[in-house]
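Colleague: For reference, the file upload_13.pdb (PDB, C-alpha atoms) is included below:
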```pdb
ATOM      1  CA  MET I 177      42.103 115.971 220.274
ATOM      2  CA  ARG I 178      45.030 114.399 218.468
ATOM      3  CA  LEU I 179      44.983 111.561 220.984
ATOM      4  CA  LEU I 180      41.309 110.852 220.260
ATOM      5  CA  GLU I 181      41.957 110.907 216.511
ATOM      6  CA  ARG I 182      44.888 108.574 216.980
ATOM      7  CA  MET I 183      42.762 106.228 219.088
ATOM      8  CA  ARG I 184      40.010 106.204 216.450
ATOM      9  CA  LYS I 185      42.571 105.422 213.787
ATOM     10  CA  GLU I 186      44.185 102.638 215.824
ATOM     11  CA  TRP I 187      40.953 101.257 217.303
ATOM     12  CA  PHE I 188      41.685  97.751 216.076
ATOM     13  CA  MET I 189      45.068  97.587 217.804
ATOM     14  CA  ILE I 190      43.490  98.987 220.992
ATOM     15  CA  GLY I 191      40.771  96.364 220.648
ATOM     16  CA  ILE I 192      43.372  93.610 220.425
ATOM     17  CA  VAL I 193      45.010  94.804 223.652
ATOM     18  CA  LEU I 194      41.646  94.940 225.424
ATOM     19  CA  ALA I 195      40.663  91.509 224.082
ATOM     20  CA  ILE I 196      43.899  89.960 225.330
ATOM     21  CA  ALA I 197      43.591  91.716 228.695
ATOM     22  CA  GLY I 198      40.018  90.501 229.055
ATOM     23  CA  ALA I 199      41.026  86.960 228.173
ATOM     24  CA  LYS I 200      43.810  87.092 230.742
ATOM     25  CA  LEU I 201      41.513  88.380 233.496
ATOM     26  CA  GLU I 202      38.707  85.905 232.897
ATOM     27  CA  PRO I 203      39.584  83.181 230.359
ATOM     28  CA  SER I 204      36.719  80.906 231.443
ATOM     29  CA  ILE I 205      34.188  83.116 229.617
ATOM     30  CA  GLY I 206      35.610  82.473 226.148
ATOM     31  CA  VAL I 207      36.739  78.840 226.363
ATOM     32  CA  ASN I 208      34.873  76.020 224.668
ATOM     33  CA  GLY I 209      31.780  75.261 226.711
ATOM     34  CA  GLY I 210      31.914  78.680 228.390
ATOM     35  CA  PRO I 211      29.207  81.371 228.360
ATOM     36  CA  LEU I 212      30.210  82.636 224.901
ATOM     37  CA  LYS I 213      30.022  79.133 223.377
ATOM     38  CA  PRO I 214      32.918  79.795 220.909
ATOM     39  CA  GLU I 215      32.505  76.290 219.469
ATOM     40  CA  ILE I 216      29.358  77.758 217.879
ATOM     41  CA  THR I 217      29.675  81.557 217.936
ATOM     42  CA  VAL I 218      33.251  81.590 216.637
ATOM     43  CA  SER I 219      33.681  78.342 214.686
ATOM     44  CA  TYR I 220      30.494  78.935 212.718
ATOM     45  CA  ILE I 221      28.805  82.322 213.205
ATOM     46  CA  ALA I 222      31.905  84.573 213.396
ATOM     47  CA  VAL I 223      33.705  83.004 210.429
ATOM     48  CA  ALA I 224      30.483  82.918 208.393
ATOM     49  CA  THR I 225      29.904  86.610 209.162
ATOM     50  CA  ILE I 226      33.354  87.558 207.868
ATOM     51  CA  PHE I 227      32.806  85.749 204.572
ATOM     52  CA  PHE I 228      29.238  87.047 204.236
ATOM     53  CA  ASN I 229      30.597  90.592 204.585
ATOM     54  CA  SER I 230      33.273  89.805 202.004
ATOM     55  CA  GLY I 231      30.626  88.520 199.595
ATOM     56  CA  LEU I 232      28.538  91.610 200.251
ATOM     57  CA  SER I 233      31.372  94.083 199.700
ATOM     58  CA  LEU I 234      33.210  92.459 196.791
ATOM     59  CA  LYS I 235      32.116  93.105 193.237
ATOM     60  CA  THR I 236      31.218  89.883 191.430
ATOM     61  CA  GLU I 237      33.662  90.693 188.651
ATOM     62  CA  GLU I 238      36.463  90.939 191.225
ATOM     63  CA  LEU I 239      35.732  87.426 192.454
ATOM     64  CA  THR I 240      35.469  85.964 188.961
ATOM     65  CA  SER I 241      38.658  87.697 187.822
ATOM     66  CA  ALA I 242      40.498  86.336 190.873
ATOM     67  CA  LEU I 243      39.641  82.784 189.824
ATOM     68  CA  VAL I 244      41.622  83.048 186.587
ATOM     69  CA  HIS I 245      44.889  84.007 188.297
ATOM     70  CA  ILE I 246      46.132  80.433 188.043
ATOM     71  CA  LYS I 247      49.816  81.283 188.513
ATOM     72  CA  LEU I 248      49.082  83.210 191.701
ATOM     73  CA  HIS I 249      47.015  80.362 193.148
ATOM     74  CA  LEU I 250      49.625  77.768 192.222
ATOM     75  CA  PHE I 251      52.375  79.844 193.813
ATOM     76  CA  ILE I 252      50.459  80.318 197.078
ATOM     77  CA  GLN I 253      49.407  76.683 197.407
ATOM     78  CA  ILE I 254      52.796  75.238 196.450
ATOM     79  CA  PHE I 255      54.556  77.669 198.796
ATOM     80  CA  THR I 256      52.181  76.872 201.672
ATOM     81  CA  LEU I 257      51.762  73.115 201.267
ATOM     82  CA  ALA I 258      55.109  72.081 199.751
ATOM     83  CA  PHE I 259      57.939  74.613 199.980
ATOM     84  CA  PHE I 260      57.148  75.800 203.495
ATOM     85  CA  PRO I 261      56.819  72.365 205.161
ATOM     86  CA  ALA I 262      60.077  71.278 203.522
ATOM     87  CA  THR I 263      61.842  74.467 204.638
ATOM     88  CA  ILE I 264      60.585  74.003 208.185
ATOM     89  CA  TRP I 265      61.872  70.424 208.172
ATOM     90  CA  LEU I 266      65.350  71.634 207.201
ATOM     91  CA  PHE I 267      65.203  74.381 209.814
ATOM     92  CA  LEU I 268      64.191  71.916 212.512
ATOM     93  CA  GLN I 269      67.196  69.759 211.703
ATOM     94  CA  LEU I 270      69.304  72.680 212.917
ATOM     95  CA  LEU I 271      67.084  73.269 215.938
ATOM     96  CA  SER I 272      67.412  69.626 216.924
ATOM     97  CA  ILE I 273      70.903  70.377 218.290
ATOM     98  CA  THR I 274      69.484  73.059 220.619
ATOM     99  CA  PRO I 275      67.907  72.454 224.060
ATOM    100  CA  ILE I 276      64.376  72.607 222.579
ATOM    101  CA  ASN I 277      62.253  69.624 223.543
ATOM    102  CA  GLU I 278      62.038  66.988 220.801
ATOM    103  CA  TRP I 279      58.228  66.914 220.915
ATOM    104  CA  LEU I 280      58.028  70.685 220.582
ATOM    105  CA  LEU I 281      59.967  70.349 217.346
ATOM    106  CA  LYS I 282      57.451  67.770 216.157
ATOM    107  CA  GLY I 283      54.727  70.250 217.062
ATOM    108  CA  LEU I 284      56.449  72.926 214.985
ATOM    109  CA  GLN I 285      56.634  70.556 212.030
ATOM    110  CA  THR I 286      52.931  69.845 212.483
ATOM    111  CA  VAL I 287      52.190  73.573 212.397
ATOM    112  CA  GLY I 288      54.318  73.904 209.263
ATOM    113  CA  CYS I 289      52.163  71.322 207.486
ATOM    114  CA  MET I 290      48.916  73.218 208.099
ATOM    115  CA  PRO I 291      46.992  75.006 205.308
ATOM    116  CA  PRO I 292      46.733  78.827 205.313
ATOM    117  CA  PRO I 293      44.493  80.492 207.931
ATOM    118  CA  VAL I 294      41.017  81.476 206.799
ATOM    119  CA  SER I 295      39.317  84.365 208.601
ATOM    120  CA  SER I 296      42.405  86.263 209.777
ATOM    121  CA  ALA I 297      44.124  85.972 206.382
ATOM    122  CA  VAL I 298      41.175  87.592 204.631
ATOM    123  CA  ILE I 299      40.808  90.383 207.208
ATOM    124  CA  LEU I 300      44.519  91.251 207.238
ATOM    125  CA  THR I 301      44.749  91.175 203.427
ATOM    126  CA  LYS I 302      41.808  93.569 203.197
ATOM    127  CA  ALA I 303      43.286  95.804 205.898
ATOM    128  CA  VAL I 304      46.458  96.429 203.874
ATOM    129  CA  GLY I 305      44.546  96.990 200.646
ATOM    130  CA  GLY I 306      45.582  93.673 199.091
ATOM    131  CA  ASN I 307      43.662  91.400 196.749
ATOM    132  CA  GLU I 308      40.827  90.300 199.042
ATOM    133  CA  ALA I 309      39.220  88.109 196.380
ATOM    134  CA  ALA I 310      42.450  86.156 195.869
ATOM    135  CA  ALA I 311      42.881  85.839 199.645
ATOM    136  CA  ILE I 312      39.365  84.423 200.001
ATOM    137  CA  PHE I 313      39.871  81.891 197.231
ATOM    138  CA  ASN I 314      43.273  80.688 198.422
ATOM    139  CA  SER I 315      42.264  80.530 202.076
ATOM    140  CA  ALA I 316      39.216  78.419 201.256
ATOM    141  CA  PHE I 317      40.897  76.298 198.576
ATOM    142  CA  GLY I 318      43.984  75.756 200.729
ATOM    143  CA  SER I 319      41.824  74.610 203.644
ATOM    144  CA  PHE I 320      40.032  72.081 201.455
ATOM    145  CA  LEU I 321      43.359  70.812 200.085
ATOM    146  CA  GLY I 322      44.736  70.603 203.615
ATOM    147  CA  ILE I 323      42.117  68.029 204.586
ATOM    148  CA  VAL I 324      43.969  65.551 202.354
ATOM    149  CA  ILE I 325      47.488  66.974 202.014
ATOM    150  CA  THR I 326      48.210  67.767 205.692
ATOM    151  CA  PRO I 327      47.926  64.135 206.890
ATOM    152  CA  LEU I 328      50.164  63.062 203.992
ATOM    153  CA  LEU I 329      52.760  65.687 204.924
ATOM    154  CA  LEU I 330      52.695  64.552 208.566
ATOM    155  CA  LEU I 331      53.221  60.992 207.415
ATOM    156  CA  LEU I 332      56.159  62.098 205.255
ATOM    157  CA  PHE I 333      57.943  64.302 207.814
ATOM    158  CA  LEU I 334      56.974  62.665 211.105
ATOM    159  CA  GLY I 335      56.260  59.109 210.083
ATOM    160  CA  SER I 336      52.786  59.342 211.600
ATOM    161  CA  SER I 337      49.478  60.880 210.685
ATOM    162  CA  SER I 338      46.439  62.091 212.572
ATOM    163  CA  SER I 339      42.933  60.996 211.772
ATOM    164  CA  VAL I 340      41.085  63.755 209.942
ATOM    165  CA  PRO I 341      37.258  63.604 209.881
ATOM    166  CA  PHE I 342      37.057  64.499 206.195
ATOM    167  CA  THR I 343      33.266  64.804 205.954
ATOM    168  CA  SER I 344      32.777  66.993 209.020
ATOM    169  CA  VAL I 345      35.729  69.295 208.217
ATOM    170  CA  PHE I 346      34.647  69.619 204.593
ATOM    171  CA  SER I 347      31.038  70.401 205.542
ATOM    172  CA  GLN I 348      32.114  72.961 208.168
ATOM    173  CA  LEU I 349      34.378  74.763 205.694
ATOM    174  CA  PHE I 350      31.661  74.691 203.058
ATOM    175  CA  MET I 351      28.984  76.036 205.409
ATOM    176  CA  THR I 352      31.151  78.747 207.007
ATOM    177  CA  VAL I 353      33.105  79.924 203.951
ATOM    178  CA  VAL I 354      31.485  79.050 200.632
ATOM    179  CA  VAL I 355      27.799  79.366 201.524
ATOM    180  CA  PRO I 356      28.076  82.769 203.318
ATOM    181  CA  LEU I 357      30.185  84.106 200.443
ATOM    182  CA  ILE I 358      27.565  83.057 197.889
ATOM    183  CA  ILE I 359      24.711  84.453 200.018
ATOM    184  CA  GLY I 360      26.621  87.732 200.347
ATOM    185  CA  GLN I 361      26.975  87.933 196.571
ATOM    186  CA  ILE I 362      23.260  87.223 196.078
ATOM    187  CA  VAL I 363      22.234  89.867 198.618
ATOM    188  CA  ARG I 364      24.636  92.334 196.994
ATOM    189  CA  ARG I 365      22.669  92.160 193.735
ATOM    190  CA  TYR I 366      19.608  93.563 195.492
ATOM    191  CA  VAL I 367      21.331  96.174 197.670
ATOM    192  CA  LYS I 368      24.169  97.179 195.349
ATOM    193  CA  ASP I 369      22.955 100.764 194.897
ATOM    194  CA  TRP I 370      22.410 101.193 198.631
ATOM    195  CA  LEU I 371      25.896  99.826 199.382
ATOM    196  CA  GLU I 372      27.538 102.225 196.936
ATOM    197  CA  ARG I 373      25.497 105.154 198.256
ATOM    198  CA  LYS I 374      25.748 104.550 201.999
ATOM    199  CA  LYS I 375      29.087 102.680 202.082
ATOM    200  CA  PRO I 376      28.407 100.797 205.350
ATOM    201  CA  PRO I 377      31.523  99.914 207.391
ATOM    202  CA  LEU I 378      31.604  96.237 206.441
ATOM    203  CA  GLY I 379      35.368  96.094 206.905
ATOM    204  CA  ALA I 380      35.098  97.456 210.435
ATOM    205  CA  ALA I 381      32.339  94.951 211.179
ATOM    206  CA  SER I 382      34.551  92.060 210.053
ATOM    207  CA  SER I 383      37.447  93.422 212.109
ATOM    208  CA  SER I 384      35.169  93.570 215.158
ATOM    209  CA  VAL I 385      34.257  89.933 214.609
ATOM    210  CA  LEU I 386      37.967  89.142 214.398
ATOM    211  CA  LEU I 387      38.397  90.701 217.858
ATOM    212  CA  LEU I 388      35.946  88.107 219.166
ATOM    213  CA  ILE I 389      38.054  85.383 217.553
ATOM    214  CA  ILE I 390      41.188  86.873 219.129
ATOM    215  CA  TYR I 391      39.518  87.008 222.548
ATOM    216  CA  THR I 392      38.364  83.393 222.500
ATOM    217  CA  THR I 393      41.715  82.232 221.102
ATOM    218  CA  PHE I 394      43.575  83.839 224.000
ATOM    219  CA  CYS I 395      41.000  82.472 226.447
ATOM    220  CA  ASP I 396      41.939  78.988 225.242
ATOM    221  CA  THR I 397      45.635  79.845 225.520
ATOM    222  CA  PHE I 398      45.435  81.308 229.040
ATOM    223  CA  SER I 399      43.154  78.555 230.338
ATOM    224  CA  ASN I 400      45.378  75.774 229.007
ATOM    225  CA  PRO I 401      46.589  73.588 231.898
ATOM    226  CA  SER I 402      50.235  73.853 232.895
ATOM    227  CA  ILE I 403      52.534  72.141 230.455
ATOM    228  CA  ASP I 404      55.681  70.272 231.360
ATOM    229  CA  LEU I 405      57.991  72.567 229.428
ATOM    230  CA  ASP I 406      61.336  74.148 230.174
ATOM    231  CA  THR I 407      61.685  77.923 229.839
ATOM    232  CA  VAL I 408      64.369  77.860 227.133
ATOM    233  CA  SER I 409      62.212  75.709 224.853
ATOM    234  CA  LEU I 410      59.149  77.895 225.337
ATOM    235  CA  VAL I 411      61.026  81.150 224.651
ATOM    236  CA  LEU I 412      62.614  79.743 221.498
ATOM    237  CA  VAL I 413      59.283  78.434 220.218
ATOM    238  CA  LEU I 414      57.569  81.789 220.840
ATOM    239  CA  PHE I 415      59.872  83.380 218.260
ATOM    240  CA  ILE I 416      59.088  80.857 215.516
ATOM    241  CA  ARG I 417      55.951  81.869 213.541
ATOM    242  CA  ILE I 418      54.442  79.250 211.205
ATOM    243  CA  PRO I 419      51.081  79.110 209.383
ATOM    244  CA  MET I 420      48.487  76.619 210.654
ATOM    245  CA  LEU I 421      44.866  76.109 211.590
ATOM    246  CA  LYS I 422      44.430  73.296 214.107
ATOM    247  CA  ILE I 423      45.093  69.584 214.381
ATOM    248  CA  VAL I 424      44.569  67.088 217.142
ATOM    249  CA  PHE I 425      46.710  64.111 218.048
ATOM    250  CA  ALA I 426      43.986  62.282 219.929
ATOM    251  CA  GLY I 427      45.326  60.140 222.743
ATOM    252  CA  HIS I 428      49.006  60.891 222.091
ATOM    253  CA  GLU I 429      51.117  60.739 225.246
ATOM    254  CA  HIS I 430      53.042  63.891 224.212
ATOM    255  CA  LEU I 431      49.907  65.773 223.154
ATOM    256  CA  SER I 432      50.576  68.750 225.438
ATOM    257  CA  LEU I 433      54.052  69.398 224.019
ATOM    258  CA  ILE I 434      53.010  68.872 220.409
ATOM    259  CA  SER I 435      50.096  71.269 220.949
ATOM    260  CA  VAL I 436      52.184  74.196 222.273
ATOM    261  CA  PRO I 437      53.137  75.596 218.812
ATOM    262  CA  LEU I 438      49.535  75.137 217.687
ATOM    263  CA  LEU I 439      48.227  77.013 220.716
ATOM    264  CA  ILE I 440      50.565  79.972 220.391
ATOM    265  CA  TYR I 441      50.549  80.309 216.606
ATOM    266  CA  HIS I 442      47.114  81.863 216.088
ATOM    267  CA  PRO I 443      47.559  84.610 218.727
ATOM    268  CA  VAL I 444      51.075  85.409 217.469
ATOM    269  CA  GLN I 445      49.964  85.367 213.844
ATOM    270  CA  ILE I 446      47.140  87.814 214.515
ATOM    271  CA  LEU I 447      49.294  90.115 216.649
ATOM    272  CA  LEU I 448      52.218  90.166 214.220
ATOM    273  CA  GLY I 449      49.914  90.632 211.231
ATOM    274  CA  SER I 450      48.061  93.502 212.909
ATOM    275  CA  VAL I 451      51.305  95.245 213.861
ATOM    276  CA  LEU I 452      52.591  94.979 210.283
ATOM    277  CA  VAL I 453      49.358  96.248 208.669
ATOM    278  CA  PRO I 454      50.306  99.998 208.705
ATOM    279  CA  THR I 455      53.784  99.327 207.317
ATOM    280  CA  ILE I 456      52.630  97.014 204.541
ATOM    281  CA  LYS I 457      49.728  99.317 203.665
ATOM    282  CA  SER I 458      52.069 102.292 203.313
ATOM    283  CA  TRP I 459      54.401 100.210 201.134
ATOM    284  CA  MET I 460      51.522  99.155 198.880
ATOM    285  CA  VAL I 461      50.248 102.735 198.545
ATOM    286  CA  SER I 462      53.730 103.969 197.610
ATOM    287  CA  ARG I 463      54.114 101.206 195.018
ATOM    288  CA  GLN I 464      50.718 101.985 193.497
ATOM    289  CA  LYS I 465      51.676 105.656 193.227
ATOM    290  CA  GLY I 466      54.972 104.657 191.637
ATOM    291  CA  VAL I 467      53.191 102.506 189.056
ATOM    292  CA  LYS I 468      50.832 105.363 188.175
ATOM    293  CA  LEU I 469      53.727 107.785 187.752
ATOM    294  CA  THR I 470      55.643 105.424 185.447
ATOM    295  CA  ARG I 471      52.671 104.721 183.184
ATOM    296  CA  PRO I 472      53.024 106.494 179.820
ATOM    297  CA  THR I 473      50.460 109.192 179.138
ATOM    298  CA  VAL I 474      48.441 108.932 175.944
TER     299      VAL I 474
END
```
Just give me the structure of the file as structure tokens.
Modeller:
Amino acid sequence: MRLLERMRKEWFMIGIVLAIAGAKLEPSIGVNGGPLKPEITVSYIAVATIFFNSGLSLKTEELTSALVHIKLHLFIQIFTLAFFPATIWLFLQLLSITPINEWLLKGLQTVGCMPPPVSSAVILTKAVGGNEAAAIFNSAFGSFLGIVITPLLLLLFLGSSSSVPFTSVFSQLFMTVVVPLIIGQIVRRYVKDWLERKKPPLGAASSSVLLLIIYTTFCDTFSNPSIDLDTVSLVLVLFIRIPMLKIVFAGHEHLSLISVPLLIYHPVQILLGSVLVPTIKSWMVSRQKGVKLTRPTV
């Protein structure tokens, strides 16, 4: 009985294991162009579903109040798009004396210049009881900023920049993040009473969608053709976690090596974030209790 209760409580972690195992057994199902068509079901439908659920579950006043936290937004964006890339550059100067392949280091710098993740950042923030509204805003805003800032950072740190299709990336972000969020808020106005009465498991639904994203991400990773990479470099890179979304160096002769950090980041980020959820959630609950106890009674 306790085992079943434990499994129900940790269903998301069990789901991650099953998703990875399924991707390992048959990666061809979840790759781009495969039966699941992740280029559509994940890139558009899955991400849009997560933000629709967020719009449906969040109170409008929570979203509007999150917008005025200017200091918080500035801190997150400056940390992500300025401090972090610079810190990674300094760190890679030290790694340059190790056996790690030079082009892997360039790949790590590329990852360090990426904006914050979108769907997984929102889900993990909600899972630990954090400020979901602030996570939504900064994930979306950071992604829009990254369209312009990321190529500039690559030019600064690597001396080269990739071509970013501004219009298509902007429209995809707008259609999968902003529009579903607004639609969710509109629908919420009409079903607000029902939501508060029934309390549907919108969080669990979003987490289930994230499992699909995890599955297809690992399908891409496991189906990636063999890369000319020494073991020492790969092991060292696997222990370096850096925020990113995705970037393509079209036609670059060292594309495979540059892409390794980009390929492994998303799976590692999701796994590490999921593992840390219980610990961070407990810490936040204890801090909230501490704040309540220290408040003066009137």
Colleague: Which residue is closest to Ser204 of chain I? Choose from I:Phe259, I:Phe394, I:Phe267, I:Trp459 and count all atoms listed in the file.
Modeller: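 For Ser204 of chain I, the nearest of the given residues is I:Phe394.
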Colleague: Pick from I:Gln269, I:Ser462, I:Ser296, I:Asn314: nearest to Leu447 of chain I, with all atoms listed in the file counted?
Modeller: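 Of all the options, I:Ser296 lies closest to Leu447 of chain I.
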Colleague: Quick check on the file I pasted: which residues fall under the PyMOL selection byres ((chain I and resi 240) around 12)? Write them as a list in words.
Modeller: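 Answer for the PyMOL selection byres ((chain I and resi 240) around 12): Gly231, Leu234, Lys235, Thr236, Glu237, Glu238, Leu239, Ser241, Ala242, Leu243, Val244, His245, Ala309, Ala310, Ile312, Phe313 and Gln361 of chain I.
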Colleague: Have a look at I:Ser399, I:Ile299, I:Ala195, I:Phe255 and name the one nearest to Ser450 of chain I; count all atoms listed in the file.
Modeller: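 Selected residue with least distance to Ser450 of chain I: I:Ile299.
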Colleague: For Val218 of chain I, which of I:Leu371, I:Ile389, I:Ala262, I:Ile252 is the closest residue, counting only C-alpha atoms?
Modeller: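 Smallest separation from Val218 of chain I among the options: I:Ile389.
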Colleague: So which residues touch Ala311 of chain I within 12 Å, counting all atoms listed in the file, skipping near sequence neighbours fewer than 6 positions away, as a ChimeraX atom specification?
Modeller: /I:227,230,238-239,242-243,245,248-249,252-253,292-305,317-319
Colleague: Keeping only C-alpha atoms, take the residues you just selected and write them out as a CSV table (one decimal), in the frame of the given file.
Modeller:
```csv
chain,number,residue,atom,x,y,z
I,227,PHE,CA,32.8,85.7,204.6
I,230,SER,CA,33.3,89.8,202.0
I,238,GLU,CA,36.5,90.9,191.2
I,239,LEU,CA,35.7,87.4,192.5
I,242,ALA,CA,40.5,86.3,190.9
I,243,LEU,CA,39.6,82.8,189.8
I,245,HIS,CA,44.9,84.0,188.3
I,248,LEU,CA,49.1,83.2,191.7
I,249,HIS,CA,47.0,80.4,193.1
I,252,ILE,CA,50.5,80.3,197.1
I,253,GLN,CA,49.4,76.7,197.4
I,292,PRO,CA,46.7,78.8,205.3
I,293,PRO,CA,44.5,80.5,207.9
I,294,VAL,CA,41.0,81.5,206.8
I,295,SER,CA,39.3,84.4,208.6
I,296,SER,CA,42.4,86.3,209.8
I,297,ALA,CA,44.1,86.0,206.4
I,298,VAL,CA,41.2,87.6,204.6
I,299,ILE,CA,40.8,90.4,207.2
I,300,LEU,CA,44.5,91.3,207.2
I,301,THR,CA,44.7,91.2,203.4
I,302,LYS,CA,41.8,93.6,203.2
I,303,ALA,CA,43.3,95.8,205.9
I,304,VAL,CA,46.5,96.4,203.9
I,305,GLY,CA,44.5,97.0,200.6
I,317,PHE,CA,40.9,76.3,198.6
I,318,GLY,CA,44.0,75.8,200.7
I,319,SER,CA,41.8,74.6,203.6
```
Colleague: Hey, which of I:Ile246, I:Leu331, I:Ile254, I:Ala197 ends up closest to Lys282 of chain I? Count only C-alpha atoms.
Modeller: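 Counting only C-alpha atoms, the residue closest to Lys282 of chain I is I:Leu331.
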Colleague: Separation of atom CA of Met460 of chain I and atom CA of Glu372 of chain I, in Å?
Modeller: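 Between atom CA of Met460 of chain I and atom CA of Glu372 of chain I the gap is 24.3 Å.
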Colleague: Can you measure atom CA of Pro214 of chain I to atom CA of Met189 of chain I for me? One decimal in Å is fine.
Modeller: 21.8 Å
Colleague: As an exercise, work out the distance from atom CA of Leu212 of chain I to atom CA of Ile390 of chain I in Å and give it to one decimal place.
Modeller: 13.1 Å
Colleague: Using the chain letters and numbers from the file, give me the residues hit by the PyMOL selection byres ((chain I and resi 265) around 12), as a ChimeraX atom specification.
Modeller: /I:258-264,266-272,281-289,329-330,332-334,418
Colleague: Which is closer to Lys200 of chain I than all the others in I:Thr455, I:Ser344, I:Thr392, I:Ser219, using all atoms listed in the file?
Modeller: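 Looking at the shortest contact to Lys200 of chain I, the residue is I:Thr392.
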Colleague: Take the PyMOL selection byres ((chain I and resi 226) around 9), apply it to the structure above, and return the hits as an mmCIF file with C-alpha atoms, in the frame of the given file.
Modeller:
```
data_model
loop_
_atom_site.group_PDB
_atom_site.id
_atom_site.type_symbol
_atom_site.label_atom_id
_atom_site.label_comp_id
_atom_site.auth_asym_id
_atom_site.auth_seq_id
_atom_site.Cartn_x
_atom_site.Cartn_y
_atom_site.Cartn_z
ATOM 1 C CA ILE I 221 28.805 82.322 213.205
ATOM 2 C CA ALA I 222 31.905 84.573 213.396
ATOM 3 C CA VAL I 223 33.705 83.004 210.429
ATOM 4 C CA ALA I 224 30.483 82.918 208.393
ATOM 5 C CA THR I 225 29.904 86.610 209.162
ATOM 6 C CA PHE I 227 32.806 85.749 204.572
ATOM 7 C CA PHE I 228 29.238 87.047 204.236
ATOM 8 C CA ASN I 229 30.597 90.592 204.585
ATOM 9 C CA SER I 230 33.273 89.805 202.004
ATOM 10 C CA GLY I 231 30.626 88.520 199.595
ATOM 11 C CA SER I 295 39.317 84.365 208.601
ATOM 12 C CA VAL I 298 41.175 87.592 204.631
ATOM 13 C CA ILE I 299 40.808 90.383 207.208
ATOM 14 C CA VAL I 353 33.105 79.924 203.951
ATOM 15 C CA PRO I 356 28.076 82.769 203.318
ATOM 16 C CA LEU I 357 30.185 84.106 200.443
ATOM 17 C CA LEU I 378 31.604 96.237 206.441
ATOM 18 C CA GLY I 379 35.368 96.094 206.905
ATOM 19 C CA ALA I 381 32.339 94.951 211.179
ATOM 20 C CA SER I 382 34.551 92.060 210.053
ATOM 21 C CA SER I 383 37.447 93.422 212.109
ATOM 22 C CA VAL I 385 34.257 89.933 214.609
ATOM 23 C CA LEU I 386 37.967 89.142 214.398
#
```
Colleague: Considering all atoms listed in the file, return as a ChimeraX atom specification whatever protein or nucleic-acid residues lie within 8 Å of segment 206-210 of chain I, sequence-local ones (same chain, fewer than 6 positions apart) excluded.
Modeller: /I:199,391-393,395-396,399
Colleague: For the residues in the current selection, export C-alpha atoms as a PDB file, in the coordinates of the input.
Modeller:
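To be explicit, this is the file written out as out_6.pdb:
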```
ATOM      1  CA  ALA I 199      41.026  86.960 228.173  1.00  0.00           C
ATOM      2  CA  TYR I 391      39.518  87.008 222.548  1.00  0.00           C
ATOM      3  CA  THR I 392      38.364  83.393 222.500  1.00  0.00           C
ATOM      4  CA  THR I 393      41.715  82.232 221.102  1.00  0.00           C
ATOM      5  CA  CYS I 395      41.000  82.472 226.447  1.00  0.00           C
ATOM      6  CA  ASP I 396      41.939  78.988 225.242  1.00  0.00           C
ATOM      7  CA  SER I 399      43.154  78.555 230.338  1.00  0.00           C
TER       8      SER I 399
END
```
Colleague: Using N, CA and C atoms, give me segment 366-377 of chain I from the structure I just pasted, as a tab-separated table (two decimals), in the first residue's frame.
Modeller:
```tsv
chain	number	residue	atom	x	y	z
I	366	TYR	N	-15.01	32.63	-18.10
I	366	TYR	CA	-16.31	31.99	-18.25
I	366	TYR	C	-16.45	30.71	-17.41
I	367	VAL	N	-15.30	30.13	-17.03
I	367	VAL	CA	-15.37	28.87	-16.27
I	367	VAL	C	-14.71	29.01	-14.90
I	368	LYS	N	-14.55	30.25	-14.44
I	368	LYS	CA	-13.86	30.50	-13.18
I	368	LYS	C	-14.50	29.76	-12.02
I	369	ASP	N	-15.82	29.85	-11.90
I	369	ASP	CA	-16.53	29.19	-10.80
I	369	ASP	C	-16.35	27.68	-10.86
I	370	TRP	N	-16.44	27.14	-12.06
I	370	TRP	CA	-16.29	25.69	-12.23
I	370	TRP	C	-14.87	25.25	-11.86
I	371	LEU	N	-13.88	26.05	-12.24
I	371	LEU	CA	-12.48	25.73	-11.92
I	371	LEU	C	-12.26	25.70	-10.41
I	372	GLU	N	-12.81	26.71	-9.73
I	372	GLU	CA	-12.63	26.79	-8.28
I	372	GLU	C	-13.41	25.69	-7.56
I	373	ARG	N	-14.51	25.25	-8.15
I	373	ARG	CA	-15.32	24.21	-7.51
I	373	ARG	C	-14.77	22.81	-7.78
I	374	LYS	N	-14.41	22.53	-9.00
I	374	LYS	CA	-13.95	21.20	-9.37
I	374	LYS	C	-12.44	21.00	-9.21
I	375	LYS	N	-11.69	22.10	-9.35
I	375	LYS	CA	-10.23	22.06	-9.26
I	375	LYS	C	-9.64	20.95	-10.15
I	376	PRO	N	-9.80	21.07	-11.46
I	376	PRO	CA	-9.25	20.05	-12.37
I	376	PRO	C	-7.73	20.02	-12.28
I	377	PRO	N	-7.13	18.87	-12.52
I	377	PRO	CA	-5.66	18.72	-12.38
I	377	PRO	C	-4.91	19.32	-13.57
```
